[in-house]
Amino acid sequence: MEIAKVEVTDDCLEVVVERILPGGMGLAHVDGRTVFVALSAPGDRLSVKIDRVKGSVAFASIITVIEPSPVRVEPPCPYFGRCGGCNFQQMNYQAQLDAKAEIIKDCLRRIGGIQELPQFEITPAPNQWHYRSRAQWQYDRAGNRLGYFESGSRRVCDVADCAVLVPELQNLLSFLREQKDQGTLPDTRDFRAVVGDKGVSISPRTSDNQPPLNINRTIAGETYTLNAERFFQTNADLLPQLIEAALRDARKVG
């Protein structure tokens, strides 16, 4: 890929994004300078503004998309770019999978020292949206905001509808927002929630008529007891495939 070398001003550059890094930043190089570009897609030709410099790396934001990448799409979420909950919505789904595969390979080579990588593939999620069965929402009582932290900050992005939540969690978020607007939501830093087979566990509880803290979730014939304070994989649709992949080699040995 040809890399642009046109410097517009001291803090404004024209770049071509080479690939996506962990966290969704695009990687570009200009005149020996490494540039990380937020909200970019591989193949984008961009005019960017340098926001800050750390060592030999410049962090930049997009001024103009001069020539969009073939994989660039319009993010479906109106909060994307401000909310820190998602990183890849500027790319189509296949490009997201490809980017994640390359990130894994790069980590194995650079951090793990594994140069000869085994063949592997990423299993696509059955649902690209409305798949998250766990959530943590931040509450800013003074600002009357409930949602997620904004990208790179501790400021709360007020989110009414989240495109990645399962319906049960979206319903709970709407209920909490109603309490917020009525001034009856408990003054706590954050709320955590997870969906079970029946009902939702939330911590802290906001009323006495909410379900018990512990709930059950059945995955691949096994029933797990969990609650909002415990870790559980967020995408339940992929858990059977994850379990199968984890046990596959164990069965061969046995």
# chains A, B, ... in the order shown; residues from 1 in each chain; ligands from 1

$ residues_around --residues "Leu173 in chain A" --least-positions-apart "6" --cutoff "9 Å" --atoms "only C-alpha atoms" --output "list in words"
Trp137, Leu146, Gly147, Val159, Ala160, Asp161 and Cys162 of chain A

$ residues_around --residues "Ser56 in chain A" --least-positions-apart "5" --cutoff "9 Å" --atoms "only C-alpha atoms" --output "VMD selection string"
chain A and resid 33 to 35

$ write_last_selection --atoms "N, CA and C atoms" --output "PDB file, in the first residue's frame"
ATOM      1  N   ARG A  33       7.251   9.129  10.693  1.00  0.00           N
ATOM      2  CA  ARG A  33       6.441   9.306  11.891  1.00  0.00           C
ATOM      3  C   ARG A  33       5.331   8.270  11.939  1.00  0.00           C
ATOM      4  N   THR A  34       5.148   7.646  13.105  1.00  0.00           N
ATOM      5  CA  THR A  34       4.044   6.711  13.315  1.00  0.00           C
ATOM      6  C   THR A  34       2.833   7.492  13.805  1.00  0.00           C
ATOM      7  N   VAL A  35       1.686   7.257  13.145  1.00  0.00           N
ATOM      8  CA  VAL A  35       0.469   7.997  13.478  1.00  0.00           C
ATOM      9  C   VAL A  35      -0.655   7.012  13.781  1.00  0.00           C
TER      10      VAL A  35
END

$ closest_residue --among "A:Arg192, A:Arg155, A:Lys198, A:Arg19" --to "Ala228 in chain A" --atoms "only C-alpha atoms"
A:Arg192

$ closest_residue --among "A:Ser47, A:Thr225, A:Ser207, A:Gln179" --to "Val195 in chain A" --atoms "only C-alpha atoms"
A:Thr225

$ atom_distance --atom1 "CA of Gly32 in chain A" --atom2 "CA of Ile62 in chain A"
19.7 Å

$ select_by_dssp --residues "range 95-244 of chain A" --states "alpha helix (DSSP H)" --output "number ranges by chain"
A: 95-110, 167-182, 239-244

$ write_last_selection --atoms "C-alpha atoms" --output "tab-separated table (two decimals), in the first residue's frame"
chain	number	residue	atom	x	y	z
A	95	ALA	CA	-13.43	-6.21	7.96
A	96	GLN	CA	-13.94	-6.23	11.72
A	97	LEU	CA	-13.27	-9.99	11.81
A	98	ASP	CA	-10.20	-9.60	9.60
A	99	ALA	CA	-8.87	-6.80	11.81
A	100	LYS	CA	-9.31	-8.87	14.97
A	101	ALA	CA	-7.56	-11.85	13.37
A	102	GLU	CA	-4.59	-9.65	12.44
A	103	ILE	CA	-4.48	-8.18	15.95
A	104	ILE	CA	-4.26	-11.68	17.43
A	105	LYS	CA	-1.52	-12.70	15.00
A	106	ASP	CA	0.47	-9.54	15.74
A	107	CYS	CA	0.23	-10.13	19.51
A	108	LEU	CA	1.37	-13.74	19.15
A	109	ARG	CA	4.38	-12.66	17.09
A	110	ARG	CA	5.35	-9.49	18.94
A	167	PRO	CA	-33.55	-6.86	24.55
A	168	GLU	CA	-33.73	-7.77	28.25
A	169	LEU	CA	-30.83	-5.46	29.07
A	170	GLN	CA	-32.16	-2.68	26.85
A	171	ASN	CA	-35.46	-2.90	28.72
A	172	LEU	CA	-33.60	-2.69	32.03
A	173	LEU	CA	-31.56	0.30	30.83
A	174	SER	CA	-34.80	2.06	29.83
A	175	PHE	CA	-36.27	1.30	33.26
A	176	LEU	CA	-33.20	2.70	35.03
A	177	ARG	CA	-33.35	5.82	32.87
A	178	GLU	CA	-36.98	6.32	33.88
A	179	GLN	CA	-35.91	6.13	37.52
A	180	LYS	CA	-33.10	8.58	36.77
A	181	ASP	CA	-35.49	11.08	35.22
A	182	GLN	CA	-37.89	10.72	38.17
A	239	LEU	CA	-20.58	-19.90	23.97
A	240	PRO	CA	-21.46	-23.37	22.57
A	241	GLN	CA	-18.86	-22.92	19.82
A	242	LEU	CA	-16.31	-21.66	22.36
A	243	ILE	CA	-16.86	-24.67	24.59
A	244	GLU	CA	-16.60	-27.03	21.62

$ select_by_dssp --residues "range 134-209 of chain A" --states "strand (DSSP E or B)" --output "list in words"
Arg134, Ala135, Gln136, Trp137, Gln138, Tyr139, Asp140, Arg145, Leu146, Gly147, Tyr148, Phe149, Glu150, Val156, Cys157, Asp158, Leu165, Asp190, Phe191, Arg192, Ala193, Val194, Val195, Val200, Ser201, Ile202 and Ser203 of chain A

$ closest_residue --among "A:Ser69, A:Asn127, A:Ser40, A:Ser61" --to "Leu165 in chain A" --atoms "only C-alpha atoms"
A:Asn127

$ closest_residue --among "A:Ser153, A:Thr188, A:Ser133, A:Gln90" --to "Gln233 in chain A" --atoms "only C-alpha atoms"
A:Ser133

$ closest_residue --among "A:Gly183, A:Gly112, A:Arg230, A:Glu18" --to "Ala142 in chain A" --atoms "only C-alpha atoms"
A:Gly183

$ atom_distance --atom1 "CA of Thr123 in chain A" --atom2 "CA of Ala236 in chain A"
13.4 Å

$ closest_residue --among "A:Ser203, A:Asn87, A:Gln128, A:Ser151" --to "Gly23 in chain A" --atoms "only C-alpha atoms"
A:Asn87

$ atom_distance --atom1 "CA of Tyr79 in chain A" --atom2 "CA of Leu39 in chain A"
12.6 Å
